[in-house]
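> So that you have it, the file is entry.cif, and it contains mmCIF, C-alpha atoms and all ligand atoms:
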data_query
#
loop_
_atom_site.label_atom_id
_atom_site.label_comp_id
_atom_site.auth_asym_id
_atom_site.auth_seq_id
_atom_site.Cartn_x
_atom_site.Cartn_y
_atom_site.Cartn_z
CA MET A 1 0.00 0.00 0.00
CA ILE A 2 1.32 3.44 -0.98
CA GLY A 3 0.74 6.35 1.42
CA SER A 4 2.20 9.49 2.96
CA ASP A 5 1.65 8.72 6.63
CA LEU A 6 4.97 9.24 8.44
CA SER A 7 3.57 8.09 11.81
CA LYS A 8 2.38 4.86 10.28
CA ALA A 9 5.76 4.26 8.63
CA ALA A 10 7.55 4.99 11.92
CA SER A 11 5.36 2.68 13.96
CA LEU A 12 5.63 -0.19 11.47
CA LEU A 13 9.44 0.14 11.48
CA SER A 14 9.49 0.30 15.29
CA ASN A 15 7.51 -2.95 15.33
CA GLY A 16 10.12 -4.71 13.21
CA GLU A 17 8.22 -4.49 9.91
CA LEU A 18 9.52 -3.40 6.52
CA VAL A 19 8.64 -0.08 4.87
CA ALA A 20 9.78 1.11 1.44
CA ILE A 21 11.20 4.63 1.71
CA PRO A 22 11.96 7.30 -0.89
CA THR A 23 15.50 8.60 -1.28
CA GLU A 24 17.01 10.94 -3.86
CA THR A 25 18.68 7.97 -5.58
CA VAL A 26 16.24 5.06 -5.64
CA TYR A 27 13.55 3.76 -3.27
CA GLY A 28 14.93 1.70 -0.38
CA LEU A 29 13.47 -1.31 1.42
CA ALA A 30 13.96 -0.28 5.04
CA ALA A 31 14.06 -2.07 8.37
CA ASN A 32 15.30 -1.25 11.86
CA ALA A 33 19.00 -1.93 11.37
CA LEU A 34 19.43 -2.87 15.03
CA ASN A 35 16.73 -5.56 14.91
CA PRO A 36 18.21 -8.70 13.30
CA GLU A 37 14.80 -10.34 12.78
CA ALA A 38 13.60 -7.31 10.82
CA VAL A 39 16.81 -7.26 8.78
CA VAL A 40 16.42 -10.95 7.88
CA GLU A 41 13.07 -10.02 6.34
CA ILE A 42 14.84 -7.65 3.91
CA TYR A 43 16.97 -10.52 2.59
CA ARG A 44 13.90 -12.76 2.31
CA VAL A 45 11.65 -10.25 0.50
CA LYS A 46 14.39 -9.23 -1.95
CA ASN A 47 15.59 -12.78 -2.44
CA ARG A 48 19.01 -11.34 -1.71
CA PRO A 49 22.01 -13.58 -1.06
CA SER A 50 23.02 -13.35 2.59
CA PHE A 51 26.63 -12.48 1.67
CA ASN A 52 25.55 -9.14 0.20
CA PRO A 53 25.71 -6.47 2.96
CA LEU A 54 23.31 -3.55 3.50
CA ILE A 55 23.80 0.22 3.71
CA LEU A 56 23.00 1.85 7.06
CA HIS A 57 20.99 5.07 6.65
CA ILE A 58 21.24 7.77 9.32
CA GLY A 59 19.39 11.07 9.77
CA ASP A 60 22.22 13.19 11.16
CA VAL A 61 26.00 13.39 10.78
CA SER A 62 26.38 13.28 14.57
CA GLU A 63 25.22 9.64 14.57
CA VAL A 64 28.25 8.45 12.64
CA ASP A 65 30.31 7.76 15.75
CA LYS A 66 27.62 5.42 17.11
CA TYR A 67 28.02 3.08 14.16
CA ALA A 68 31.59 3.58 12.91
CA SER A 69 35.04 3.83 14.47
CA HIS A 70 38.54 4.92 13.35
CA ILE A 71 36.99 7.45 10.96
CA PRO A 72 39.62 9.04 8.69
CA GLU A 73 39.79 12.84 8.76
CA LEU A 74 39.11 13.01 5.02
CA ALA A 75 35.96 10.90 5.46
CA ARG A 76 34.73 13.40 8.05
CA THR A 77 35.44 16.27 5.66
CA LEU A 78 33.46 14.54 2.90
CA MET A 79 30.51 13.97 5.24
CA ARG A 80 30.59 17.62 6.26
CA VAL A 81 30.75 18.79 2.65
CA PHE A 82 28.42 16.35 0.92
CA TRP A 83 25.89 14.99 3.42
CA PRO A 84 22.97 14.66 3.13
CA SER A 85 23.57 13.29 -0.35
CA SER A 86 24.11 10.25 -2.48
CA LEU A 87 27.58 9.58 -1.07
CA SER A 88 27.91 6.32 0.89
CA ILE A 89 31.08 5.71 2.89
CA LEU A 90 32.62 2.37 3.89
CA LEU A 91 33.99 2.61 7.45
CA HIS A 92 35.09 0.34 10.29
CA LYS A 93 31.92 -0.67 12.05
CA SER A 94 31.30 -0.18 15.76
CA GLU A 95 29.97 -2.98 17.93
CA ASN A 96 26.48 -1.43 17.73
CA VAL A 97 26.13 -2.66 14.13
CA PRO A 98 24.81 -6.24 13.88
CA ASP A 99 26.95 -8.58 11.76
CA LEU A 100 23.90 -9.34 9.66
CA ILE A 101 24.03 -5.80 8.20
CA THR A 102 27.62 -6.19 7.05
CA ALA A 103 27.39 -9.88 6.11
CA GLY A 104 30.12 -10.58 8.64
CA SER A 105 32.51 -7.87 7.40
CA PRO A 106 34.19 -5.61 9.99
CA LYS A 107 33.22 -2.64 7.80
CA VAL A 108 29.88 -0.93 7.30
CA VAL A 109 28.58 1.47 4.64
CA LEU A 110 26.93 4.62 6.05
CA ARG A 111 24.79 7.10 4.17
CA MET A 112 22.67 10.13 5.02
CA PRO A 113 20.08 10.33 2.23
CA ASN A 114 18.91 13.67 0.86
CA HIS A 115 15.14 13.30 0.80
CA SER A 116 12.99 15.47 3.06
CA THR A 117 10.38 12.76 3.81
CA THR A 118 12.95 10.17 4.75
CA LEU A 119 15.04 12.64 6.76
CA LYS A 120 11.88 13.48 8.74
CA LEU A 121 11.24 9.79 9.26
CA LEU A 122 14.81 9.12 10.41
CA LYS A 123 14.59 11.99 12.91
CA ARG A 124 11.51 10.36 14.48
CA LEU A 125 13.23 7.01 14.93
CA ASP A 126 15.76 6.09 17.59
CA PHE A 127 17.47 3.57 15.31
CA PRO A 128 19.12 3.72 11.87
CA LEU A 129 17.56 2.09 8.82
CA ALA A 130 19.12 -0.71 6.83
CA ALA A 131 17.95 -0.25 3.25
CA PRO A 132 18.94 -1.84 -0.02
CA SER A 133 17.12 -0.82 -3.18
CA ALA A 134 13.43 -1.83 -2.94
CA ASN A 135 13.40 -4.37 -5.76
CA ILE A 136 13.88 -8.12 -6.12
CA SER A 137 17.64 -8.78 -6.41
CA ASN A 138 19.06 -8.45 -9.92
CA THR A 139 16.11 -6.51 -11.31
CA VAL A 140 15.92 -2.81 -12.20
CA SER A 141 15.90 -0.51 -9.13
CA PRO A 142 12.69 1.47 -8.41
CA THR A 143 12.58 5.24 -8.85
CA THR A 144 8.87 5.73 -8.05
CA ALA A 145 6.57 4.35 -5.34
CA GLN A 146 4.58 2.63 -8.10
CA HIS A 147 7.70 0.74 -9.26
CA VAL A 148 8.04 -0.60 -5.70
CA GLU A 149 4.34 -1.53 -5.64
CA ASP A 150 4.70 -3.36 -8.98
CA GLY A 151 7.72 -5.32 -7.76
CA ILE A 152 7.29 -6.17 -4.07
CA GLY A 153 4.05 -4.38 -3.11
CA LYS A 154 2.33 -7.59 -2.03
CA LYS A 155 5.18 -8.60 0.27
CA ILE A 156 5.45 -5.46 2.41
CA PRO A 157 2.92 -3.54 4.51
CA TYR A 158 3.70 0.03 3.44
CA ILE A 159 5.40 2.17 0.78
CA LEU A 160 6.08 5.75 1.81
CA GLU A 161 5.32 8.10 -1.10
CA GLY A 162 8.11 10.51 -1.96
CA GLY A 163 7.65 11.28 -5.64
CA THR A 164 10.09 10.44 -8.40
CA CYS A 165 13.70 10.10 -7.20
CA ASN A 166 15.73 13.18 -8.16
CA ILE A 167 18.96 11.43 -9.09
CA GLY A 168 17.51 8.14 -10.27
CA LEU A 169 20.66 6.00 -9.83
CA GLU A 170 22.13 4.53 -6.65
CA SER A 171 24.60 6.35 -4.43
CA THR A 172 28.36 6.48 -4.99
CA ILE A 173 30.16 4.14 -2.58
CA ILE A 174 33.65 5.14 -1.45
CA GLU A 175 36.31 4.12 1.02
CA VAL A 176 38.91 6.61 2.24
CA GLN A 177 42.51 5.65 2.93
CA GLY A 178 44.77 8.54 3.92
CA ASP A 179 44.40 11.17 1.19
CA THR A 180 42.93 8.71 -1.30
CA ILE A 181 39.27 8.19 -2.13
CA HIS A 182 38.58 4.73 -3.53
CA ILE A 183 35.40 4.54 -5.60
CA LEU A 184 33.73 1.17 -5.06
CA ARG A 185 30.58 2.05 -7.03
CA ASP A 186 29.99 5.07 -9.25
CA GLY A 187 26.77 6.91 -8.46
CA GLY A 188 25.08 10.21 -7.68
CA ILE A 189 28.18 12.05 -6.44
CA THR A 190 30.70 12.17 -9.27
CA ARG A 191 34.44 11.50 -9.33
CA GLU A 192 34.91 15.09 -10.48
CA GLN A 193 33.13 16.40 -7.37
CA LEU A 194 35.20 14.17 -5.07
CA SER A 195 38.52 14.94 -6.72
CA GLN A 196 38.47 18.42 -5.21
CA TYR A 197 39.08 16.77 -1.82
CA GLY A 198 41.59 13.99 -2.51
CA LYS A 199 43.12 11.62 -5.02
CA VAL A 200 40.33 9.56 -6.59
CA ILE A 201 40.94 5.96 -7.63
CA PHE A 202 38.46 3.49 -9.03
CA THR A 203 38.95 0.21 -7.21
CA GLN A 204 37.90 -2.68 -9.41
CA ALA A 205 36.08 -5.60 -7.82
CA THR A 206 38.52 -8.20 -6.59
CA ASP A 207 37.93 -11.84 -5.69
CA LYS A 208 36.99 -10.70 -2.28
CA VAL A 209 34.08 -8.54 -3.31
CA GLN A 210 34.21 -5.15 -1.68
CA SER A 211 30.97 -3.95 -3.14
CA PRO A 212 28.93 -6.67 -4.77
CA GLY A 213 27.01 -4.02 -6.72
CA GLN A 214 30.14 -4.38 -8.83
CA LEU A 215 29.37 -7.98 -9.73
CA SER A 216 28.70 -8.50 -13.38
CA LYS A 217 25.01 -9.38 -13.83
CA HIS A 218 22.73 -6.94 -12.05
CA TYR A 219 19.97 -4.44 -12.73
CA SER A 220 18.73 -6.77 -15.47
CA THR A 221 15.83 -6.39 -17.79
CA LYS A 222 14.02 -9.60 -18.80
CA LYS A 223 14.64 -8.90 -22.48
CA PRO A 224 18.14 -8.75 -23.92
CA LEU A 225 19.61 -5.26 -23.68
CA TYR A 226 22.43 -4.47 -26.13
CA ILE A 227 24.88 -1.58 -25.86
CA VAL A 228 25.89 -0.56 -29.38
CA ASP A 229 28.16 2.09 -30.90
CA ARG A 230 25.44 3.45 -33.18
CA ILE A 231 21.84 2.25 -33.24
CA GLU A 232 21.36 3.13 -36.96
CA LYS A 233 24.40 1.07 -37.91
CA TYR A 234 23.27 -1.85 -35.78
CA LEU A 235 19.86 -1.80 -37.50
CA GLU A 236 21.45 -1.68 -40.95
CA GLU A 237 23.45 -4.78 -40.10
CA ASN A 238 20.61 -6.50 -38.26
CA PRO A 239 17.43 -5.51 -40.09
CA LYS A 240 13.84 -6.49 -39.21
CA GLN A 241 14.38 -6.51 -35.48
CA LYS A 242 11.47 -5.79 -33.17
CA CYS A 243 13.37 -3.28 -31.10
CA SER A 244 12.99 -0.65 -28.42
CA ALA A 245 15.62 2.05 -28.28
CA LEU A 246 16.63 4.21 -25.32
CA LEU A 247 17.82 7.50 -26.82
CA PHE A 248 20.07 10.24 -25.44
CA GLN A 249 18.64 12.74 -27.92
CA GLN A 250 16.02 12.89 -30.70
CA SER A 251 16.63 10.51 -33.57
CA GLU A 252 14.52 8.96 -36.34
CA ILE A 253 14.91 5.21 -36.14
CA GLN A 254 12.75 2.18 -36.83
CA CYS A 255 12.22 1.17 -33.20
CA THR A 256 9.88 2.08 -30.39
CA THR A 257 11.81 4.96 -28.86
CA TYR A 258 12.17 6.16 -25.28
CA LEU A 259 13.75 9.57 -25.02
CA LEU A 260 15.99 9.81 -21.92
CA SER A 261 16.93 13.41 -22.67
CA SER A 262 16.19 15.79 -25.52
CA ASP A 263 19.79 17.06 -25.75
CA TYR A 264 22.19 14.53 -24.18
CA ASN A 265 21.92 15.93 -20.68
CA LEU A 266 23.62 13.31 -18.46
CA ALA A 267 21.64 14.17 -15.31
CA GLU A 268 18.37 13.74 -17.25
CA ILE A 269 19.62 10.48 -18.73
CA ALA A 270 20.51 9.13 -15.27
CA ASN A 271 17.19 10.29 -13.92
CA SER A 272 15.02 8.60 -16.55
CA LEU A 273 17.11 5.48 -17.27
CA PHE A 274 15.58 2.94 -14.88
CA ALA A 275 11.97 3.97 -15.61
CA ALA A 276 12.63 3.72 -19.36
CA MET A 277 14.29 0.31 -18.95
CA ARG A 278 11.13 -0.90 -17.19
CA GLN A 279 8.86 0.48 -19.92
CA ALA A 280 10.95 -0.98 -22.71
CA ASP A 281 11.00 -4.29 -20.88
CA SER A 282 7.22 -4.46 -20.85
CA ASP A 283 6.45 -3.37 -24.43
CA GLU A 284 5.94 -5.76 -27.34
CA ASN A 285 9.41 -5.72 -28.81
CA GLU A 286 12.08 -8.35 -28.47
CA ILE A 287 15.28 -6.46 -27.73
CA ILE A 288 16.36 -3.18 -26.14
CA LEU A 289 19.08 -1.07 -27.77
CA ILE A 290 21.09 1.76 -26.27
CA GLU A 291 24.26 3.49 -27.39
CA LYS A 292 27.44 3.76 -25.30
CA VAL A 293 27.08 6.75 -23.03
CA ARG A 294 29.69 9.45 -22.54
CA GLU A 295 31.69 8.40 -19.47
CA GLU A 296 32.06 11.63 -17.56
CA GLY A 297 30.30 12.95 -14.46
CA ILE A 298 27.20 10.91 -13.71
CA GLY A 299 27.62 9.30 -17.15
CA ARG A 300 30.04 6.86 -15.46
CA ALA A 301 27.29 5.58 -13.17
CA VAL A 302 24.93 5.31 -16.16
CA ALA A 303 27.56 3.33 -18.10
CA ASP A 304 28.16 1.08 -15.09
CA ARG A 305 24.46 0.23 -14.62
CA LEU A 306 24.05 -0.37 -18.36
CA LYS A 307 27.04 -2.71 -18.49
CA ARG A 308 25.56 -4.75 -15.69
CA ALA A 309 22.11 -4.80 -17.26
CA SER A 310 23.31 -5.68 -20.74
CA THR A 311 23.44 -9.05 -22.42
CA THR A 312 26.55 -8.18 -24.39
CA ASN A 313 28.50 -5.14 -25.39
CA LEU A 314 28.26 -4.99 -29.15
O1 LIG B 401 21.44 4.81 -3.32
C1 LIG B 401 21.60 3.81 -2.65
O2 LIG B 401 22.71 3.50 -2.17
C2 LIG B 401 20.38 2.94 -2.37
C3 LIG B 401 19.40 3.71 -1.48
C4 LIG B 401 18.21 2.89 -1.09
O3 LIG B 401 20.07 4.20 -0.37
N1 LIG B 401 20.74 1.71 -1.77
C5 LIG B 401 21.37 0.73 -2.47
O4 LIG B 401 21.56 -0.41 -1.75
O5 LIG B 401 21.73 0.86 -3.62
P1 LIG B 401 21.93 -1.80 -2.44
O6 LIG B 401 21.91 -2.77 -1.33
O7 LIG B 401 21.04 -2.05 -3.58
O8 LIG B 401 23.41 -1.58 -2.88
C6 LIG B 401 24.40 -1.37 -1.88
C7 LIG B 401 25.72 -1.88 -2.33
C8 LIG B 401 25.71 -3.37 -2.54
O9 LIG B 401 26.42 -3.63 -3.74
C9 LIG B 401 26.47 -3.89 -1.35
O10 LIG B 401 27.17 -5.05 -1.65
C10 LIG B 401 27.39 -2.76 -1.01
O11 LIG B 401 26.65 -1.62 -1.27
N2 LIG B 401 27.73 -2.77 0.43
C11 LIG B 401 26.92 -2.51 1.47
N3 LIG B 401 27.57 -2.70 2.65
C12 LIG B 401 28.81 -3.07 2.34
C13 LIG B 401 29.97 -3.43 3.12
N4 LIG B 401 29.94 -3.44 4.45
N5 LIG B 401 31.08 -3.79 2.45
C14 LIG B 401 31.12 -3.79 1.11
N6 LIG B 401 30.07 -3.48 0.32
C15 LIG B 401 28.94 -3.12 0.92
MG MG B 402 20.36 -2.71 -5.44
#
Would you write the structure of this file as structure tokens?


Amino acid sequence: MIGSDLSKAASLLSNGELVAIPTETVYGLAANALNPEAVVEIYRVKNRPSFNPLILHIGDVSEVDKYASHIPELARTLMRVFWPSSLSILLHKSENVPDLITAGSPKVVLRMPNHSTTLKLLKRLDFPLAAPSANISNTVSPTTAQHVEDGIGKKIPYILEGGTCNIGLESTIIEVQGDTIHILRDGGITREQLSQYGKVIFTQATDKVQSPGQLSKHYSTKKPLYIVDRIEKYLEENPKQKCSALLFQQSEIQCTTYLLSSDYNLAEIANSLFAAMRQADSDENEIILIEKVREEGIGRAVADRLKRASTTNL
């Protein structure tokens, strides 16, 4: 059920139930992070593997020291500068954080989301919220309350309405070591923004996964999604395809088209990507085509999500 009742959301969460919450990135599936039984429900509803840890959401920077320890000075600076925002920071966890949240890791990801409804909710609660994206694992993340309803609406008691997510892609996840900012997942806060405060390095996924959002198949559509150099050229070489095309600007092509931006604006593209992927996935065509996106600013996060959603890079 979708609604705007903050008191209801707060009391459900206090009773150990799940509530979907709006954030500026994507909707989250929230539970009381300090209640292991509630957190287990998140894994069950999402069908999420238990080795994949959850982000802890807090309502105020002052709460950081309750849940993290040995916080690097640069991490504190970034919190001061960027929070509330779509910057998530991997830190040593304190003993207050249940192992279930971190999937046994000694580190926890903290984030203060920038959405007025959810900030109000967090201020009413005396516990932080564990919240992954509010979708079944490996499907496209929700950017409206209706997307959540369509995906997991029957499995949870309440979805807090917060409009369409401003950013539309998940948060950037970083870890700070000395003067270096390691990017574990590209997202709403860009490398360019962060580079004003330290040396920025992209840390590729290793065997020991630091951020399983980096694993290859994720964010998938049911239909094959192909990333191509030029859609026109692809259609010349592969004619008579029943195709949907996600476009970065106006173009006349023989597909059902979904315009992500009218003039290649990367923020608009990020913002409309997931909704368009859902629409294209449910139309009558057989494949979804999209061109390689310019990898700068938030374009890197767009490229990352597309790579994970795609069948093949053509
Ligand atoms: O924008 C966002 O970050 C959204 C909203 C709801 O806040 N949340 C989100 O959560 O994207 P989720 O669970 O879909 O993605 C979080 C990523 C996962 O890839 C997870 O593996 C990684 O963060 N992660 C969380 N805690 C971690 C930890 N302790 N160590 C390493 N990776 C962690
Ligand atoms: Mg997710």

> Return as a list in words the residues of protein, DNA or RNA that approach ligand MG 402 (chain B) to within 9 Å, with only C-alpha atoms and all ligand atoms taken into account.

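Checked against 9 Å with only C-alpha atoms and all ligand atoms; the hits are Val26, Gly28, Pro132, Ser133, Ala134, Asn135, Ile136, Ser137, Asn138, Thr139, Val140, Ser141, Glu170, Gly213, His218 and Tyr219 of chain A.
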
> Once 5 Å is added on each side, what are the centre and the three edge lengths, in Å to one decimal, of the axis-aligned box enclosing the listed atoms of ligand LIG 401 (chain B)? Present them as lines of an AutoDock Vina configuration file.


center_x = 24.7
center_y = -0.1
center_z = 0.4
size_x = 22.9
size_y = 19.9
size_z = 18.2

> Give me, as a list of chain:residue names, the set of residues whose atoms come within 6 Å of any atom of ligand LIG 401 (chain B), counting all atoms listed in the file.

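What falls inside 6 Å of ligand LIG 401 (chain B) is A:Thr25, A:Val26, A:Tyr27, A:Gly28, A:Asn52, A:Pro53, A:Leu54, A:Ile55, A:Thr102, A:Ser105, A:Lys107, A:Val108, A:Val109, A:Ala131, A:Pro132, A:Ser133, A:Glu170, A:Ser171, A:Gln210, A:Ser211, A:Pro212, A:Gly213.
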
> Please provide the set of residues having any atom within 12 Å of Val81 of chain A, restricted to only C-alpha atoms, with same-chain residues fewer than 2 positions apart removed, written as a list in words.

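Skipping anything fewer than 2 positions along the chain leaves Val61, Leu74, Ala75, Arg76, Thr77, Leu78, Met79, Trp83, Pro84, Ser85, Ser86, Leu87, Ile189, Gln193, Leu194, Gln196 and Tyr197 of chain A.
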
> Can you pull out every residue within 8 Å of Leu34 of chain A, counting all atoms listed in the file, but drop anything in the same chain fewer than 4 positions away, and send it as number ranges by chain?

A: 96-98, 127-128

> Sort by chain and increasing residue number a table of all residues of segment 105-183 of chain A within 12 Å of segment 283-300 of chain A, each with its closest pair of atoms and their distance in Å to one decimal, counting only C-alpha atoms, and write it as a Markdown table.


| residue | atom | partner | partner_atom | distance |
| --- | --- | --- | --- | --- |
| A:Ile167 | CA | A:Ile298 | CA | 9.5 |
| A:Gly168 | CA | A:Ile298 | CA | 10.6 |
| A:Leu169 | CA | A:Ile298 | CA | 9.1 |
| A:Glu170 | CA | A:Ile298 | CA | 10.8 |
| A:Ser171 | CA | A:Ile298 | CA | 10.7 |
| A:Thr172 | CA | A:Ile298 | CA | 9.8 |
| A:Ile183 | CA | A:Arg300 | CA | 11.5 |

> List every protein, DNA or RNA residue with an atom no more than 12 Å from (18.8, -13.4, 3.5) in the file's coordinates, counting only C-alpha atoms, and format the result as a PyMOL selection string.

chain A and resi 36-54+100-103+137

> At a cut-off of 12 Å, using only C-alpha atoms, what residues contact Asp60 of chain A? Leave out same-chain residues fewer than 5 positions from it and give the result as a list in words.

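So the residues in contact are Asp65, Lys66, Met79, Arg80, Trp83, Pro84, Ser85, Leu110, Arg111, Met112, Pro113, Asn114, Thr118, Leu119, Lys120, Leu121, Leu122, Lys123, Arg124, Leu125, Asp126, Phe127 and Pro128 of chain A.
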
> Residues of the last selection are to be written out with C-alpha atoms, as a short mmCIF file (atom, residue, chain, number, x, y, z; two decimals), in the coordinates of the input.


data_model
loop_
_atom_site.label_atom_id
_atom_site.label_comp_id
_atom_site.auth_asym_id
_atom_site.auth_seq_id
_atom_site.Cartn_x
_atom_site.Cartn_y
_atom_site.Cartn_z
CA ASP A 65 30.31 7.76 15.75
CA LYS A 66 27.62 5.42 17.11
CA MET A 79 30.51 13.97 5.24
CA ARG A 80 30.59 17.62 6.26
CA TRP A 83 25.89 14.99 3.42
CA PRO A 84 22.97 14.66 3.13
CA SER A 85 23.57 13.29 -0.35
CA LEU A 110 26.93 4.62 6.05
CA ARG A 111 24.79 7.10 4.17
CA MET A 112 22.67 10.13 5.02
CA PRO A 113 20.08 10.33 2.23
CA ASN A 114 18.91 13.67 0.86
CA THR A 118 12.95 10.17 4.75
CA LEU A 119 15.04 12.64 6.76
CA LYS A 120 11.88 13.48 8.74
CA LEU A 121 11.24 9.79 9.26
CA LEU A 122 14.81 9.12 10.41
CA LYS A 123 14.59 11.99 12.91
CA ARG A 124 11.51 10.36 14.48
CA LEU A 125 13.23 7.01 14.93
CA ASP A 126 15.76 6.09 17.59
CA PHE A 127 17.47 3.57 15.31
CA PRO A 128 19.12 3.72 11.87
#
